[in-house]
$ cat coords_16.csv   # CSV, C-alpha atoms and all ligand atoms
chain,number,residue,atom,x,y,z
A,1,MET,CA,65.0,109.0,59.0
A,2,LYS,CA,63.0,109.7,62.1
A,3,TYR,CA,60.4,106.9,61.5
A,4,LYS,CA,62.8,104.6,59.7
A,5,GLY,CA,64.2,101.5,61.2
A,6,ARG,CA,61.1,100.7,63.2
A,7,PHE,CA,59.8,97.3,63.9
A,8,GLY,CA,56.4,98.1,65.3
A,9,ASP,CA,57.4,100.6,68.0
A,10,TYR,CA,60.8,99.1,68.5
A,11,GLY,CA,64.2,100.1,67.1
A,12,GLY,CA,64.8,103.7,65.9
A,13,PHE,CA,67.9,105.6,66.6
A,14,TYR,CA,68.4,107.3,70.0
A,15,VAL,CA,71.9,108.6,69.5
A,16,PRO,CA,74.0,111.7,70.2
A,17,GLU,CA,73.5,114.5,67.5
A,18,VAL,CA,77.0,113.9,66.1
A,19,LEU,CA,76.1,110.4,65.1
A,20,ILE,CA,72.9,111.2,63.2
A,21,PRO,CA,74.6,112.3,59.9
A,22,VAL,CA,77.0,109.4,60.2
A,23,LEU,CA,74.1,106.9,60.5
A,24,GLU,CA,72.4,108.6,57.6
A,25,GLU,CA,75.5,108.3,55.5
A,26,LEU,CA,75.7,104.6,56.4
A,27,GLU,CA,72.0,104.1,55.5
A,28,GLU,CA,72.4,105.9,52.2
A,29,ALA,CA,75.5,103.8,51.3
A,30,PHE,CA,73.8,100.5,52.3
A,31,TYR,CA,70.8,101.2,50.0
A,32,ARG,CA,73.1,102.4,47.2
A,33,PHE,CA,75.3,99.3,47.3
A,34,TYR,CA,73.4,96.3,48.6
A,35,GLU,CA,71.8,95.5,45.3
A,36,ASP,CA,74.6,97.0,43.2
A,37,ALA,CA,75.8,94.4,40.7
A,38,GLN,CA,79.5,94.8,41.4
A,39,PHE,CA,79.0,94.8,45.2
A,40,VAL,CA,76.7,91.7,45.0
A,41,ALA,CA,79.2,89.8,42.8
A,42,GLU,CA,82.2,90.7,45.0
A,43,LEU,CA,80.3,89.7,48.2
A,44,ALA,CA,79.2,86.4,46.6
A,45,GLN,CA,82.7,85.5,45.5
A,46,LEU,CA,84.2,86.3,48.9
A,47,SER,CA,81.4,84.5,50.7
A,48,ARG,CA,82.2,81.4,48.8
A,49,ASP,CA,86.0,81.5,48.5
A,50,TYR,CA,86.9,83.3,51.7
A,51,SER,CA,84.2,82.4,54.2
A,52,GLY,CA,83.2,79.0,52.9
A,53,ARG,CA,79.5,79.5,52.0
A,54,PRO,CA,77.2,77.7,51.5
A,55,SER,CA,77.4,76.0,54.9
A,56,PRO,CA,76.1,72.4,55.0
A,57,LEU,CA,72.8,71.3,56.6
A,58,TYR,CA,73.8,68.2,58.5
A,59,HIS,CA,71.4,65.5,59.9
A,60,ALA,CA,72.7,64.8,63.4
A,61,LYS,CA,71.5,61.2,63.6
A,62,ARG,CA,73.0,60.1,66.9
A,63,PHE,CA,72.0,63.3,68.6
A,64,SER,CA,68.5,62.8,67.1
A,65,GLU,CA,68.3,59.3,68.5
A,66,HIS,CA,69.0,60.8,72.0
A,67,VAL,CA,66.3,63.4,71.9
A,68,GLY,CA,63.7,61.3,70.0
A,69,PHE,CA,63.1,63.5,67.0
A,70,GLU,CA,65.1,64.6,63.9
A,71,VAL,CA,67.7,67.3,64.4
A,72,TYR,CA,69.5,69.0,61.5
A,73,LEU,CA,72.4,71.4,62.2
A,74,LYS,CA,73.0,74.4,60.0
A,75,ARG,CA,76.8,74.3,60.1
A,76,GLU,CA,77.8,78.0,60.5
A,77,ASP,CA,80.5,76.6,62.8
A,78,LEU,CA,82.3,75.5,59.7
A,79,LEU,CA,82.8,79.0,58.3
A,80,HIS,CA,86.1,80.8,58.3
A,81,GLY,CA,86.6,82.2,61.8
A,82,GLY,CA,84.4,79.5,63.3
A,83,ALA,CA,81.0,81.4,63.5
A,84,HIS,CA,78.3,83.1,61.5
A,85,LYS,CA,79.9,86.4,62.4
A,86,VAL,CA,82.0,86.4,59.2
A,87,ASN,CA,78.8,86.9,57.1
A,88,ASN,CA,78.1,90.3,58.6
A,89,SER,CA,81.8,91.4,59.0
A,90,LEU,CA,82.5,90.6,55.4
A,91,GLY,CA,79.3,92.4,54.2
A,92,GLN,CA,79.9,95.5,56.3
A,93,GLY,CA,83.6,95.5,55.7
A,94,LEU,CA,82.9,95.5,51.9
A,95,LEU,CA,80.5,98.4,52.5
A,96,ALA,CA,83.3,100.3,54.4
A,97,LYS,CA,85.6,99.7,51.4
A,98,TYR,CA,83.0,101.0,49.0
A,99,MET,CA,82.5,104.0,51.3
A,100,HIS,CA,86.3,104.7,51.2
A,101,LYS,CA,86.7,104.3,54.9
A,102,THR,CA,90.1,103.3,56.1
A,103,LYS,CA,89.6,102.2,59.7
A,104,LEU,CA,87.3,99.7,61.3
A,105,ILE,CA,86.1,99.5,64.9
A,106,ALA,CA,84.0,96.9,66.5
A,107,GLU,CA,82.8,95.6,69.9
A,108,THR,CA,82.9,92.0,70.8
A,109,GLY,CA,81.7,89.7,73.6
A,110,ALA,CA,82.7,86.1,72.8
A,111,GLY,CA,85.4,87.4,70.5
A,112,GLN,CA,83.9,85.8,67.4
A,113,HIS,CA,82.7,89.2,66.0
A,114,GLY,CA,86.0,90.8,67.0
A,115,LEU,CA,87.9,88.0,65.3
A,116,ALA,CA,85.7,88.2,62.2
A,117,THR,CA,86.3,91.9,62.0
A,118,ALA,CA,90.0,91.5,62.6
A,119,MET,CA,90.1,89.0,59.7
A,120,ILE,CA,88.3,91.4,57.4
A,121,GLY,CA,90.5,94.3,58.5
A,122,ALA,CA,93.5,92.2,57.4
A,123,LEU,CA,91.8,91.2,54.2
A,124,PHE,CA,91.0,94.7,53.1
A,125,GLY,CA,94.2,96.3,54.7
A,126,MET,CA,92.2,98.5,57.2
A,127,GLU,CA,93.4,99.5,60.6
A,128,THR,CA,91.2,97.7,63.1
A,129,LYS,CA,90.4,98.3,66.8
A,130,ILE,CA,88.3,95.9,68.8
A,131,PHE,CA,86.7,97.0,72.1
A,132,MET,CA,86.3,94.1,74.5
A,133,GLY,CA,85.4,94.0,78.2
A,134,VAL,CA,88.1,92.7,80.6
A,135,THR,CA,85.9,89.8,81.8
A,136,ASP,CA,85.5,88.6,78.3
A,137,ILE,CA,89.2,89.1,77.5
A,138,GLU,CA,89.9,86.7,80.3
A,139,ARG,CA,87.3,84.1,79.4
A,140,GLN,CA,87.8,84.2,75.6
A,141,SER,CA,91.6,84.6,75.5
A,142,VAL,CA,92.1,82.4,72.5
A,143,ASN,CA,90.1,84.7,70.3
A,144,VAL,CA,92.0,87.8,71.7
A,145,HIS,CA,95.2,86.2,70.6
A,146,LYS,CA,93.9,85.4,67.2
A,147,MET,CA,92.6,89.0,66.7
A,148,ARG,CA,96.1,90.3,67.6
A,149,LEU,CA,97.7,87.9,65.2
A,150,CYS,CA,95.5,89.4,62.4
A,151,GLY,CA,97.0,92.8,63.3
A,152,ALA,CA,94.0,94.3,65.2
A,153,GLN,CA,94.4,96.3,68.4
A,154,VAL,CA,92.3,94.9,71.2
A,155,VAL,CA,91.2,97.7,73.6
A,156,PRO,CA,90.4,96.4,77.1
A,157,ILE,CA,87.3,97.9,78.7
A,158,GLU,CA,87.4,98.1,82.5
A,159,GLY,CA,84.0,99.7,83.1
A,160,GLY,CA,80.8,98.0,84.4
A,161,THR,CA,80.9,94.2,84.3
A,162,GLY,CA,83.6,94.1,81.6
A,163,THR,CA,81.2,92.5,79.2
A,164,LEU,CA,79.6,93.2,75.8
A,165,LYS,CA,77.4,96.1,77.0
A,166,ASP,CA,80.5,98.0,78.3
A,167,ALA,CA,82.4,97.3,75.1
A,168,ILE,CA,79.5,98.8,73.0
A,169,ASN,CA,79.4,101.9,75.3
A,170,ASP,CA,83.1,102.6,74.7
A,171,ALA,CA,83.0,101.8,71.0
A,172,LEU,CA,80.1,104.2,70.5
A,173,ARG,CA,81.9,106.8,72.5
A,174,TYR,CA,85.1,106.4,70.5
A,175,TRP,CA,83.1,106.5,67.2
A,176,THR,CA,81.6,109.9,68.1
A,177,ALA,CA,85.1,111.4,68.2
A,178,HIS,CA,86.4,109.6,65.0
A,179,VAL,CA,83.5,109.6,62.6
A,180,THR,CA,85.2,110.9,59.5
A,181,ASP,CA,87.5,108.0,58.6
A,182,THR,CA,86.2,105.2,60.9
A,183,PHE,CA,83.5,102.7,60.1
A,184,TYR,CA,81.8,101.1,63.1
A,185,LEU,CA,81.3,97.5,62.1
A,186,PHE,CA,78.5,96.6,64.5
A,187,GLY,CA,78.2,92.9,65.4
A,188,SER,CA,74.6,92.1,65.9
A,189,ALA,CA,71.1,92.8,64.7
A,190,CYS,CA,70.6,95.4,67.4
A,191,GLY,CA,71.8,99.0,68.1
A,192,PRO,CA,70.5,102.1,66.2
A,193,HIS,CA,69.0,102.1,62.7
A,194,PRO,CA,70.3,101.1,60.2
A,195,TYR,CA,72.3,98.3,61.9
A,196,PRO,CA,69.4,95.9,62.6
A,197,THR,CA,68.4,96.1,58.9
A,198,ILE,CA,72.0,95.8,57.6
A,199,VAL,CA,73.0,93.0,59.9
A,200,LYS,CA,69.9,91.0,59.1
A,201,HIS,CA,70.5,91.5,55.4
A,202,PHE,CA,74.0,90.1,55.6
A,203,GLN,CA,72.9,87.2,57.8
A,204,SER,CA,69.8,86.3,55.8
A,205,CYS,CA,72.0,83.9,53.6
A,206,ILE,CA,71.7,81.4,56.5
A,207,GLY,CA,67.9,81.2,56.3
A,208,LYS,CA,67.8,81.3,52.5
A,209,GLU,CA,70.3,78.4,52.3
A,210,ALA,CA,68.6,76.4,55.1
A,211,ARG,CA,65.2,76.6,53.5
A,212,GLN,CA,66.5,75.4,50.2
A,213,GLN,CA,68.5,72.7,51.8
A,214,CYS,CA,65.5,71.4,53.7
A,215,ILE,CA,63.5,71.1,50.5
A,216,GLU,CA,66.4,69.4,48.7
A,217,GLN,CA,67.5,67.1,51.5
A,218,ILE,CA,64.3,66.4,53.4
A,219,GLY,CA,61.7,67.1,50.7
A,220,ARG,CA,59.8,69.5,52.9
A,221,LEU,CA,60.0,72.3,55.4
A,222,PRO,CA,60.9,71.6,59.1
A,223,GLU,CA,58.4,71.7,61.9
A,224,MET,CA,60.7,74.2,63.8
A,225,VAL,CA,63.8,76.3,63.5
A,226,VAL,CA,65.7,77.0,66.7
A,227,ALA,CA,68.6,79.5,67.3
A,228,CYS,CA,70.3,81.1,70.3
A,229,VAL,CA,69.7,84.8,70.8
A,230,GLY,CA,72.3,87.3,72.1
A,231,GLY,CA,71.8,90.6,70.2
A,232,GLY,CA,69.9,88.4,67.7
A,233,SER,CA,71.8,88.2,64.5
A,234,ASN,CA,72.2,84.5,63.9
A,235,ALA,CA,68.5,84.0,64.9
A,236,ILE,CA,67.1,86.7,62.7
A,237,GLY,CA,69.4,85.4,59.9
A,238,ILE,CA,67.9,81.9,60.0
A,239,PHE,CA,64.4,83.0,61.0
A,240,SER,CA,64.2,85.3,57.9
A,241,GLY,CA,64.2,82.3,55.6
A,242,PHE,CA,61.1,80.8,57.3
A,243,VAL,CA,59.1,83.7,58.7
A,244,GLU,CA,56.6,83.6,55.9
A,245,ASP,CA,56.1,79.9,56.4
A,246,LYS,CA,53.5,80.2,59.1
A,247,ASP,CA,53.5,76.5,60.0
A,248,VAL,CA,57.2,76.6,60.9
A,249,ARG,CA,57.7,77.2,64.6
A,250,LEU,CA,60.5,79.8,65.3
A,251,VAL,CA,62.2,79.4,68.7
A,252,GLY,CA,64.8,81.7,70.1
A,253,VAL,CA,66.8,80.6,73.1
A,254,GLU,CA,68.3,83.1,75.5
A,255,ALA,CA,70.8,82.8,78.2
A,256,GLY,CA,69.1,81.7,81.4
A,257,GLY,CA,72.3,81.9,83.4
A,258,VAL,CA,72.0,80.2,86.8
A,259,GLY,CA,68.2,80.8,86.6
A,260,VAL,CA,65.7,83.4,85.6
A,261,GLY,CA,64.0,83.0,88.9
A,262,ARG,CA,67.3,83.7,90.7
A,263,GLY,CA,67.9,86.9,88.8
A,264,LEU,CA,71.4,86.0,87.4
A,265,HIS,CA,70.8,85.7,83.6
A,266,ALA,CA,70.7,87.5,80.3
A,267,ALA,CA,67.2,86.4,79.1
A,268,THR,CA,66.1,89.8,77.8
A,269,LEU,CA,62.9,88.8,75.8
A,270,VAL,CA,61.9,86.3,78.5
A,271,ALA,CA,62.3,88.6,81.5
A,272,GLY,CA,62.9,92.2,80.2
A,273,ARG,CA,60.7,95.3,79.9
A,274,VAL,CA,60.7,97.9,77.1
A,275,GLY,CA,63.5,100.5,77.4
A,276,ILE,CA,66.3,102.2,75.5
A,277,LEU,CA,69.9,101.1,75.3
A,278,HIS,CA,72.6,101.5,72.7
A,279,GLY,CA,70.5,103.7,70.5
A,280,ALA,CA,67.4,101.5,70.1
A,281,LYS,CA,64.1,100.8,71.8
A,282,ALA,CA,63.8,97.2,72.7
A,283,TYR,CA,63.2,94.8,75.6
A,284,LEU,CA,65.8,95.5,78.2
A,285,LEU,CA,66.8,93.9,81.5
A,286,GLN,CA,66.3,96.8,84.0
A,287,ASP,CA,65.5,97.2,87.6
A,288,GLU,CA,62.5,99.1,89.0
A,289,GLN,CA,64.3,102.4,88.7
A,290,GLY,CA,65.1,101.7,85.0
A,291,GLN,CA,68.8,101.0,85.7
A,292,VAL,CA,70.2,98.4,83.3
A,293,CYS,CA,70.7,95.1,85.1
A,294,GLU,CA,74.0,93.3,85.3
A,295,THR,CA,73.8,90.1,83.3
A,296,GLU,CA,75.4,86.7,83.9
A,297,SER,CA,75.9,83.8,81.5
A,298,VAL,CA,78.4,81.0,80.9
A,299,SER,CA,78.5,82.3,77.3
A,300,ALA,CA,80.1,85.7,76.7
A,301,GLY,CA,78.3,86.0,73.4
A,302,LEU,CA,74.8,86.0,75.0
A,303,ASP,CA,75.7,88.0,78.0
A,304,TYR,CA,73.9,91.2,77.0
A,305,PRO,CA,70.9,93.0,78.6
A,306,SER,CA,69.2,94.1,75.4
A,307,VAL,CA,68.2,92.5,72.1
A,308,GLY,CA,67.4,93.3,68.4
A,309,PRO,CA,64.2,95.2,67.8
A,310,GLU,CA,62.8,92.8,65.2
A,311,HIS,CA,62.9,90.0,67.8
A,312,CYS,CA,60.8,92.2,70.1
A,313,LEU,CA,58.1,92.5,67.4
A,314,LEU,CA,58.3,88.8,66.6
A,315,LYS,CA,57.7,88.1,70.3
A,316,ASP,CA,54.8,90.5,70.6
A,317,THR,CA,53.1,89.3,67.5
A,318,GLY,CA,53.6,85.7,68.6
A,319,ARG,CA,55.3,84.7,65.3
A,320,ALA,CA,58.4,83.6,67.3
A,321,GLU,CA,58.6,82.3,70.8
A,322,TYR,CA,61.5,83.0,73.2
A,323,VAL,CA,62.7,80.7,76.0
A,324,ALA,CA,65.7,80.5,78.2
A,325,ALA,CA,68.3,77.7,78.8
A,326,GLU,CA,70.3,77.6,82.0
A,327,ASP,CA,74.0,77.3,82.2
A,328,ASP,CA,74.1,73.7,83.6
A,329,ASP,CA,71.8,72.4,80.8
A,330,VAL,CA,73.9,74.3,78.3
A,331,LEU,CA,77.0,72.6,79.5
A,332,ASP,CA,75.2,69.2,79.3
A,333,ALA,CA,74.1,69.9,75.7
A,334,PHE,CA,77.7,70.9,74.8
A,335,GLY,CA,78.8,67.5,76.1
A,336,LEU,CA,76.0,65.6,74.4
A,337,LEU,CA,76.6,66.9,70.9
A,338,THR,CA,80.4,66.4,71.3
A,339,ARG,CA,80.0,62.8,72.4
A,340,THR,CA,77.2,61.8,70.0
A,341,GLU,CA,78.5,63.6,66.8
A,342,GLY,CA,82.1,64.6,67.4
A,343,ILE,CA,81.1,68.3,66.9
A,344,LEU,CA,82.1,70.9,69.6
A,345,PRO,CA,79.4,73.6,69.6
A,346,ALA,CA,80.0,77.1,70.9
A,347,LEU,CA,78.5,77.6,74.3
A,348,GLU,CA,76.2,80.2,72.6
A,349,SER,CA,74.9,77.6,70.1
A,350,SER,CA,74.6,75.1,72.9
A,351,HIS,CA,71.7,77.1,74.3
A,352,ALA,CA,69.6,76.1,71.3
A,353,LEU,CA,70.7,72.5,71.7
A,354,ALA,CA,69.8,72.6,75.4
A,355,TRP,CA,66.3,73.6,74.6
A,356,LEU,CA,66.0,70.8,72.1
A,357,VAL,CA,67.1,68.3,74.8
A,358,SER,CA,64.4,69.7,77.1
A,359,GLN,CA,61.9,68.7,74.5
A,360,LYS,CA,62.8,65.0,74.7
A,361,GLY,CA,59.5,63.0,75.0
A,362,LYS,CA,57.4,66.1,74.2
A,363,LEU,CA,57.6,66.1,70.4
A,364,ASP,CA,56.4,63.6,67.9
A,365,PRO,CA,59.3,61.3,66.6
A,366,GLY,CA,58.7,62.6,63.0
A,367,THR,CA,59.4,66.2,64.0
A,368,VAL,CA,62.2,67.9,62.1
A,369,ALA,CA,64.0,70.6,64.0
A,370,VAL,CA,66.7,72.7,62.2
A,371,VAL,CA,69.1,74.3,64.7
A,372,ASN,CA,71.5,77.1,63.8
A,373,LEU,CA,74.9,75.9,65.0
A,374,SER,CA,76.1,79.5,65.0
A,375,GLY,CA,79.7,78.7,66.0
A,376,ARG,CA,82.3,76.1,67.0
A,377,GLY,CA,83.3,75.5,70.6
A,378,ASP,CA,87.1,75.6,70.4
A,379,LYS,CA,87.1,79.0,72.2
A,380,ASP,CA,85.1,77.5,75.1
A,381,VAL,CA,87.1,74.3,75.8
A,382,SER,CA,88.8,75.8,78.9
A,383,ILE,CA,85.5,77.0,80.4
A,384,VAL,CA,84.0,73.5,79.8
A,385,GLU,CA,87.1,71.9,81.3
A,386,GLU,CA,86.8,74.1,84.4
A,387,ARG,CA,83.0,73.6,84.9
A,388,ARG,CA,82.8,69.9,83.8
A,389,PRO,CA,86.2,68.3,84.6
A,390,LEU,CA,86.7,65.0,82.8
A,391,ALA,CA,87.2,61.9,85.1
A,392,GLU,CA,90.8,60.6,84.8
B,1,LIG,C1,79.0,81.5,68.1
B,1,LIG,C2,78.0,82.6,68.5
B,1,LIG,N1,76.7,82.5,68.5
B,1,LIG,C3,75.8,83.4,68.8
B,1,LIG,C4,76.3,84.6,69.3
B,1,LIG,C5,75.3,85.6,69.7
B,1,LIG,O1,75.1,86.7,68.8
B,1,LIG,P1,73.9,86.9,67.9
B,1,LIG,O2,72.7,86.8,68.8
B,1,LIG,O3,74.1,88.2,67.3
B,1,LIG,O4,73.9,85.8,66.9
B,1,LIG,C6,77.7,84.9,69.4
B,1,LIG,C7,78.1,86.2,69.9
B,1,LIG,O5,79.3,86.4,70.1
B,1,LIG,C8,78.6,83.9,69.0
B,1,LIG,O6,79.9,84.0,69.1

$ encode --input "coords_16.csv" --output "structure tokens"
Amino acid sequence: MKYKGRFGDYGGFYVPEVLIPVLEELEEAFYRFYEDAQFVAELAQLSRDYSGRPSPLYHAKRFSEHVGFEVYLKREDLLHGGAHKVNNSLGQGLLAKYMHKTKLIAETGAGQHGLATAMIGALFGMETKIFMGVTDIERQSVNVHKMRLCGAQVVPIEGGTGTLKDAINDALRYWTAHVTDTFYLFGSACGPHPYPTIVKHFQSCIGKEARQQCIEQIGRLPEMVVACVGGGSNAIGIFSGFVEDKDVRLVGVEAGGVGVGRGLHAATLVAGRVGILHGAKAYLLQDEQGQVCETESVSAGLDYPSVGPEHCLLKDTGRAEYVAAEDDDVLDAFGLLTRTEGILPALESSHALAWLVSQKGKLDPGTVAVVNLSGRGDKDVSIVEERRPLAE
């Protein structure tokens, strides 16, 4: 186990002793079931009938006209729950069922992973607790209400900045005391081994479908694939379908907040240094003393100071590039997609759109860009209303 779960030097599992056998049990169960015929068939049936897979690849023609090249949206926003998060929650929830666990816990930032886990808890009849920072509870209250309606308990976390990092701290602490019957349904492709591998596996359907859809609908592969990066799950999910296609540019867009130069942001790969947080070695936003920095972003789902280990390796090898989009440009991109296509993107996904808008005039008009529209923006309407009030 010691050398497993490494992506170059990144990843690993830096956890308290008590969690080591639990993570080993999880790893063993994952490798036992992920190719098991019954597990695969049950996951495929639920992915289709419950989640709504495959998600469409949509040519956003009016948005394309605006940016001057061809933009296709991978519509994860159309899935049940409104985001890609259900892919992973369904996969891990099924794994928990096969492991005979009766309780689920999860952390959440934007509430999309919390909601997806609350839905799966209801689906499988499992008691579910969601850890969520108080700042996020306030700004994503619609999702909090939905989680409670599904029967989940939402545990408010007061510590730190009341955001995703603090929710993960408390969920891990809780798990160490409740390992026997509780499955920690981790929400992104980060954290200790085996989570980055498990989450990537359950999100890789995005990339597989998108690649196939490009061939069927466009007749070729795109020039680039773009996705927002928080912990990194939707990005690694879509990148995984194209990583072997060396001519396809992979672009991950992080939260630039009010500006990387001004220090208030969550752009880990753009501005971080290697460190250890939440059980894994990865790029990390830290000060000179190695203290984890407070992050700030308009989107709760990207407001996180670390990132998945595989993205760190993709950055170092140059296979993927990572950039940051600032809050104001993200809000503009939200407005642009809404007005040109009638599609409200999540503020997280709007980061990927904002970077595309910044490429206006820089790319050949024949360029095809596939964007992972990781979620829908219903949860963000009040934030947008506050930051960009509509004229009467
Ligand atoms: C819609 C949406 N997209 C993206 C993310 C970021 O997570 P990840 O980087 O794991 O895809 C979140 C997180 O909550 C989200 O809700």

$ atom_distance --input "coords_16.csv" --atom1 "atom CA of Ser47 of chain A" --atom2 "atom CA of Ser188 of chain A"
18.3 Å

$ residues_near_ligand --input "coords_16.csv" --ligand "ligand LIG 1 (chain B)" --cutoff "9 Å" --atoms "only C-alpha atoms and all ligand atoms" --output "number ranges by chain"
A: 76-77, 82-85, 108-114, 164, 187-190, 199, 227-237, 254, 299-303, 307-308, 345-350, 372-377

$ closest_residue --input "coords_16.csv" --among "A:Gln45, A:Thr317, A:Gln286, A:Ser51" --to "Ile120 of chain A" --atoms "only C-alpha atoms"
A:Ser51

$ residues_around --input "coords_16.csv" --residues "Ala44 of chain A" --least-positions-apart "6" --cutoff "12 Å" --atoms "all atoms listed in the file" --output "list in words"
Tyr34, Glu35, Ala37, Gln38, Tyr50, Ser51, Gly52, Arg53, Pro54, Asn87, Leu90, Gly91, Leu94, Phe202 and Cys205 of chain A

$ closest_residue --input "coords_16.csv" --among "A:Leu250, A:Ala324, A:Val40, A:Ala352" --to "Pro222 of chain A" --atoms "all atoms listed in the file"
A:Leu250

$ build_atoms --input "coords_16.csv" --residues "segment 201-216 of chain A" --atoms "N, CA and C atoms" --output "compact mmCIF listing (two decimals), keeping the file's coordinate frame"
# COMPACT_ATOMS: atom_id res chain seq x y z
N HIS A 201 70.30 91.73 56.80
CA HIS A 201 70.50 91.50 55.40
C HIS A 201 71.73 90.58 55.16
N PHE A 202 72.83 90.89 55.83
CA PHE A 202 74.00 90.10 55.60
C PHE A 202 73.98 88.70 56.25
N GLN A 203 73.07 88.52 57.22
CA GLN A 203 72.90 87.20 57.80
C GLN A 203 71.78 86.38 57.20
N SER A 204 71.01 87.00 56.31
CA SER A 204 69.80 86.30 55.80
C SER A 204 70.24 85.13 54.87
N CYS A 205 71.51 85.08 54.45
CA CYS A 205 72.00 83.90 53.60
C CYS A 205 71.78 82.63 54.42
N ILE A 206 71.83 82.68 55.75
CA ILE A 206 71.70 81.40 56.50
C ILE A 206 70.28 80.86 56.31
N GLY A 207 69.27 81.70 56.44
CA GLY A 207 67.90 81.20 56.30
C GLY A 207 67.56 80.82 54.86
N LYS A 208 68.09 81.61 53.90
CA LYS A 208 67.80 81.30 52.50
C LYS A 208 68.38 79.90 52.15
N GLU A 209 69.63 79.68 52.53
CA GLU A 209 70.30 78.40 52.30
C GLU A 209 69.54 77.26 52.99
N ALA A 210 69.24 77.48 54.27
CA ALA A 210 68.60 76.40 55.10
C ALA A 210 67.30 75.98 54.52
N ARG A 211 66.50 76.94 54.08
CA ARG A 211 65.20 76.60 53.50
C ARG A 211 65.33 75.74 52.28
N GLN A 212 66.22 76.19 51.40
CA GLN A 212 66.50 75.40 50.20
C GLN A 212 67.01 74.04 50.46
N GLN A 213 67.94 73.96 51.42
CA GLN A 213 68.50 72.70 51.80
C GLN A 213 67.49 71.72 52.36
N CYS A 214 66.55 72.26 53.14
CA CYS A 214 65.50 71.40 53.70
C CYS A 214 64.67 70.80 52.57
N ILE A 215 64.32 71.63 51.58
CA ILE A 215 63.50 71.10 50.50
C ILE A 215 64.30 70.07 49.70
N GLU A 216 65.58 70.33 49.45
CA GLU A 216 66.40 69.40 48.70
C GLU A 216 66.68 68.09 49.46
